[in-house]
file entry25.pdb (PDB, C-alpha atoms)
ATOM      1  CA  MET P   1     109.342 -40.184  32.964  1.00  0.00           C
ATOM      2  CA  TRP P   2     106.074 -38.392  32.338  1.00  0.00           C
ATOM      3  CA  GLU P   3     102.390 -38.752  33.062  1.00  0.00           C
ATOM      4  CA  GLU P   4      99.558 -38.375  30.580  1.00  0.00           C
ATOM      5  CA  SER P   5      95.894 -39.356  30.884  1.00  0.00           C
ATOM      6  CA  LYS P   6      96.482 -41.017  34.264  1.00  0.00           C
ATOM      7  CA  VAL P   7      99.264 -43.219  32.859  1.00  0.00           C
ATOM      8  CA  VAL P   8     102.882 -43.000  34.013  1.00  0.00           C
ATOM      9  CA  PHE P   9     105.324 -43.535  31.142  1.00  0.00           C
ATOM     10  CA  VAL P  10     108.921 -44.478  31.878  1.00  0.00           C
ATOM     11  CA  THR P  11     111.823 -45.482  29.649  1.00  0.00           C
ATOM     12  CA  LEU P  12     114.797 -47.487  30.829  1.00  0.00           C
ATOM     13  CA  ASN P  13     118.259 -48.202  29.469  1.00  0.00           C
ATOM     14  CA  MET P  14     117.999 -51.999  29.279  1.00  0.00           C
ATOM     15  CA  PRO P  15     119.900 -53.257  26.221  1.00  0.00           C
ATOM     16  CA  GLY P  16     119.787 -56.601  24.496  1.00  0.00           C
ATOM     17  CA  SER P  17     122.397 -59.343  24.452  1.00  0.00           C
ATOM     18  CA  ASN P  18     121.395 -60.475  27.945  1.00  0.00           C
ATOM     19  CA  ASN P  19     121.511 -56.953  29.404  1.00  0.00           C
ATOM     20  CA  ASP P  20     124.952 -56.468  27.874  1.00  0.00           C
ATOM     21  CA  GLY P  21     126.051 -59.644  29.634  1.00  0.00           C
ATOM     22  CA  LEU P  22     128.229 -60.809  26.765  1.00  0.00           C
ATOM     23  CA  ARG P  23     131.915 -60.015  26.707  1.00  0.00           C
ATOM     24  CA  TRP P  24     132.747 -56.998  24.617  1.00  0.00           C
ATOM     25  CA  THR P  25     134.753 -57.510  21.456  1.00  0.00           C
ATOM     26  CA  ALA P  26     137.753 -55.617  20.123  1.00  0.00           C
ATOM     27  CA  PRO P  27     138.511 -52.825  20.443  1.00  0.00           C
ATOM     28  CA  PHE P  28     136.336 -52.716  23.612  1.00  0.00           C
ATOM     29  CA  THR P  29     137.734 -55.599  25.650  1.00  0.00           C
ATOM     30  CA  ASN P  30     137.873 -54.176  29.187  1.00  0.00           C
ATOM     31  CA  GLU P  31     135.876 -56.841  31.070  1.00  0.00           C
ATOM     32  CA  PRO P  32     135.933 -55.074  34.472  1.00  0.00           C
ATOM     33  CA  ALA P  33     134.560 -51.937  32.798  1.00  0.00           C
ATOM     34  CA  ARG P  34     131.777 -53.940  31.133  1.00  0.00           C
ATOM     35  CA  VAL P  35     130.781 -55.579  34.417  1.00  0.00           C
ATOM     36  CA  GLN P  36     130.825 -52.218  36.207  1.00  0.00           C
ATOM     37  CA  GLU P  37     128.700 -50.627  33.468  1.00  0.00           C
ATOM     38  CA  VAL P  38     126.119 -53.429  33.646  1.00  0.00           C
ATOM     39  CA  THR P  39     125.982 -53.337  37.448  1.00  0.00           C
ATOM     40  CA  GLU P  40     125.632 -49.559  37.708  1.00  0.00           C
ATOM     41  CA  ARG P  41     123.175 -49.214  34.822  1.00  0.00           C
ATOM     42  CA  THR P  42     120.952 -52.048  36.030  1.00  0.00           C
ATOM     43  CA  ALA P  43     120.865 -50.562  39.541  1.00  0.00           C
ATOM     44  CA  ALA P  44     119.918 -47.181  38.050  1.00  0.00           C
ATOM     45  CA  ASP P  45     117.201 -48.815  35.925  1.00  0.00           C
ATOM     46  CA  ILE P  46     115.736 -50.486  39.003  1.00  0.00           C
ATOM     47  CA  ARG P  47     115.823 -47.225  40.992  1.00  0.00           C
ATOM     48  CA  TRP P  48     114.084 -45.424  38.117  1.00  0.00           C
ATOM     49  CA  LEU P  49     111.494 -48.202  37.820  1.00  0.00           C
ATOM     50  CA  ARG P  50     110.764 -47.977  41.551  1.00  0.00           C
ATOM     51  CA  GLU P  51     110.425 -44.209  41.205  1.00  0.00           C
ATOM     52  CA  ALA P  52     107.939 -44.608  38.345  1.00  0.00           C
ATOM     53  CA  PHE P  53     105.728 -46.883  40.434  1.00  0.00           C
ATOM     54  CA  ALA P  54     106.031 -44.500  43.410  1.00  0.00           C
ATOM     55  CA  VAL P  55     104.877 -41.623  41.183  1.00  0.00           C
ATOM     56  CA  ALA P  56     102.021 -43.770  39.867  1.00  0.00           C
ATOM     57  CA  GLU P  57     100.893 -44.533  43.405  1.00  0.00           C
ATOM     58  CA  ALA P  58     101.270 -40.927  44.566  1.00  0.00           C
ATOM     59  CA  THR P  59      99.328 -39.465  41.641  1.00  0.00           C
ATOM     60  CA  GLY P  60      96.619 -42.100  41.470  1.00  0.00           C
ATOM     61  CA  ALA P  61      97.683 -43.204  38.006  1.00  0.00           C
ATOM     62  CA  GLN P  62      95.595 -45.941  36.457  1.00  0.00           C
ATOM     63  CA  ALA P  63      98.455 -47.643  34.599  1.00  0.00           C
ATOM     64  CA  VAL P  64     102.213 -47.725  34.078  1.00  0.00           C
ATOM     65  CA  LEU P  65     103.843 -48.093  30.659  1.00  0.00           C
ATOM     66  CA  ILE P  66     107.495 -49.130  30.557  1.00  0.00           C
ATOM     67  CA  GLY P  67     109.589 -48.839  27.400  1.00  0.00           C
ATOM     68  CA  LEU P  68     112.942 -50.511  26.888  1.00  0.00           C
ATOM     69  CA  GLN P  69     115.001 -52.071  24.110  1.00  0.00           C
ATOM     70  CA  ALA P  70     115.752 -55.510  25.501  1.00  0.00           C
ATOM     71  CA  ASP P  71     113.663 -58.587  24.867  1.00  0.00           C
ATOM     72  CA  GLY P  72     114.074 -60.392  28.177  1.00  0.00           C
ATOM     73  CA  TRP P  73     111.694 -63.126  27.048  1.00  0.00           C
ATOM     74  CA  ASP P  74     113.241 -64.042  23.685  1.00  0.00           C
ATOM     75  CA  PRO P  75     113.123 -67.863  23.369  1.00  0.00           C
ATOM     76  CA  ALA P  76     115.994 -67.725  20.867  1.00  0.00           C
ATOM     77  CA  ALA P  77     118.245 -66.467  23.666  1.00  0.00           C
ATOM     78  CA  ILE P  78     117.934 -69.679  25.667  1.00  0.00           C
ATOM     79  CA  VAL P  79     118.780 -72.191  22.953  1.00  0.00           C
ATOM     80  CA  PRO P  80     122.293 -73.674  22.974  1.00  0.00           C
ATOM     81  CA  GLY P  81     124.652 -70.931  21.815  1.00  0.00           C
ATOM     82  CA  GLY P  82     122.102 -68.181  22.561  1.00  0.00           C
ATOM     83  CA  ASP P  83     122.866 -65.057  24.567  1.00  0.00           C
ATOM     84  CA  GLY P  84     120.917 -66.222  27.631  1.00  0.00           C
ATOM     85  CA  LEU P  85     118.431 -64.242  29.700  1.00  0.00           C
ATOM     86  CA  GLY P  86     119.946 -64.368  33.199  1.00  0.00           C
ATOM     87  CA  GLY P  87     121.145 -60.778  32.954  1.00  0.00           C
ATOM     88  CA  TYR P  88     117.531 -59.629  33.219  1.00  0.00           C
ATOM     89  CA  THR P  89     116.602 -61.645  36.328  1.00  0.00           C
ATOM     90  CA  ALA P  90     117.062 -58.899  38.950  1.00  0.00           C
ATOM     91  CA  PHE P  91     115.087 -56.409  36.865  1.00  0.00           C
ATOM     92  CA  VAL P  92     112.286 -58.876  36.075  1.00  0.00           C
ATOM     93  CA  ARG P  93     111.882 -59.803  39.741  1.00  0.00           C
ATOM     94  CA  VAL P  94     111.545 -56.153  40.782  1.00  0.00           C
ATOM     95  CA  LEU P  95     109.185 -55.461  37.878  1.00  0.00           C
ATOM     96  CA  ALA P  96     107.000 -58.418  38.878  1.00  0.00           C
ATOM     97  CA  ASP P  97     106.889 -57.370  42.532  1.00  0.00           C
ATOM     98  CA  LEU P  98     106.088 -53.744  41.734  1.00  0.00           C
ATOM     99  CA  SER P  99     103.428 -54.753  39.215  1.00  0.00           C
ATOM    100  CA  VAL P 100     101.652 -57.004  41.704  1.00  0.00           C
ATOM    101  CA  GLN P 101     101.838 -54.339  44.415  1.00  0.00           C
ATOM    102  CA  PHE P 102     100.497 -51.675  42.041  1.00  0.00           C
ATOM    103  CA  GLY P 103      97.482 -53.831  41.212  1.00  0.00           C
ATOM    104  CA  LYS P 104      96.584 -51.949  38.038  1.00  0.00           C
ATOM    105  CA  PRO P 105      97.575 -52.448  34.402  1.00  0.00           C
ATOM    106  CA  VAL P 106     101.292 -52.450  33.600  1.00  0.00           C
ATOM    107  CA  LEU P 107     102.411 -52.549  29.974  1.00  0.00           C
ATOM    108  CA  LEU P 108     105.985 -53.387  29.018  1.00  0.00           C
ATOM    109  CA  ILE P 109     106.942 -52.412  25.490  1.00  0.00           C
ATOM    110  CA  ASN P 110     110.221 -53.690  24.159  1.00  0.00           C
ATOM    111  CA  GLY P 111     111.814 -53.659  20.759  1.00  0.00           C
ATOM    112  CA  ARG P 112     114.392 -55.866  19.210  1.00  0.00           C
ATOM    113  CA  LEU P 113     115.140 -55.733  15.524  1.00  0.00           C
ATOM    114  CA  ALA P 114     118.744 -56.882  15.730  1.00  0.00           C
ATOM    115  CA  ARG P 115     117.970 -60.425  14.650  1.00  0.00           C
ATOM    116  CA  LEU P 116     116.582 -59.188  11.321  1.00  0.00           C
ATOM    117  CA  ARG P 117     119.992 -58.639   9.825  1.00  0.00           C
ATOM    118  CA  ASP P 118     118.796 -58.569   6.214  1.00  0.00           C
ATOM    119  CA  GLY P 119     117.111 -55.194   6.723  1.00  0.00           C
ATOM    120  CA  SER P 120     113.613 -56.637   6.315  1.00  0.00           C
ATOM    121  CA  ALA P 121     112.459 -54.944   9.513  1.00  0.00           C
ATOM    122  CA  ALA P 122     112.857 -51.585   7.805  1.00  0.00           C
ATOM    123  CA  ARG P 123     110.839 -52.452   4.695  1.00  0.00           C
ATOM    124  CA  GLY P 124     107.631 -50.516   4.468  1.00  0.00           C
ATOM    125  CA  PHE P 125     108.939 -47.590   6.527  1.00  0.00           C
ATOM    126  CA  ARG P 126     109.395 -44.315   4.714  1.00  0.00           C
ATOM    127  CA  THR P 127     111.445 -41.403   5.905  1.00  0.00           C
ATOM    128  CA  ALA P 128     111.094 -37.829   4.859  1.00  0.00           C
ATOM    129  CA  PRO P 129     113.742 -36.565   2.444  1.00  0.00           C
ATOM    130  CA  PRO P 130     116.412 -34.319   3.994  1.00  0.00           C
ATOM    131  CA  ALA P 131     115.372 -30.681   4.258  1.00  0.00           C
TER     132      ALA P 131
END
call {"tool": "encode", "arguments": {"input": "entry25.pdb", "output": "structure tokens"}}
result
Amino acid sequence: MWEESKVVFVTLNMPGSNNDGLRWTAPFTNEPARVQEVTERTAADIRWLREAFAVAEATGAQAVLIGLQADGWDPAAIVPGGDGLGGYTAFVRVLADLSVQFGKPVLLINGRLARLRDGSAARGFRTAPPA
């Protein structure tokens, strides 16, 4: 978390696939470990989100910017056979409440390129050659 130009920036560890709500596949098949990881990580994300809004309030920030990987609003996730979105519900509820209470702009930036499996998402990007 950092603050610049009266904006609090915070990043969270919120992955895709319904907040890691899908069963892991071999060789990672320990379901109790997956559930524990999701529960603990989501609780930590919510604590960190609350802290970001508390810092914004305390410092008189004019906005909060939140960055995360997951797309908790992906319509493709709710079609039959999709990953679902229920794993994001607790986070989204807290985010909504904090945003309303803050009463100033809140920007959520998320990224999800996983569905572009043909590599087309990377076209047009250039990387520097190795030094």
call {"tool": "atom_distance", "arguments": {"input": "entry25.pdb", "atom1": "CA of Val10 in chain P", "atom2": "CA of Gly72 in chain P"}}
result
17.1 Å
call {"tool": "atom_distance", "arguments": {"input": "entry25.pdb", "atom1": "CA of Val35 in chain P", "atom2": "CA of Gly86 in chain P"}}
result
14.0 Å
call {"tool": "closest_residue", "arguments": {"input": "entry25.pdb", "among": "P:Gln69, P:Gln62, P:Asn110, P:Thr42", "to": "Val94 in chain P", "atoms": "all atoms listed in the file"}}
result
P:Thr42
call {"tool": "closest_residue", "arguments": {"input": "entry25.pdb", "among": "P:Leu49, P:Ala58, P:Asp74, P:Gly67", "to": "Leu98 in chain P", "atoms": "all atoms listed in the file"}}
result
P:Leu49
call {"tool": "atom_distance", "arguments": {"input": "entry25.pdb", "atom1": "CA of Asp45 in chain P", "atom2": "CA of Leu107 in chain P"}}
result
16.4 Å
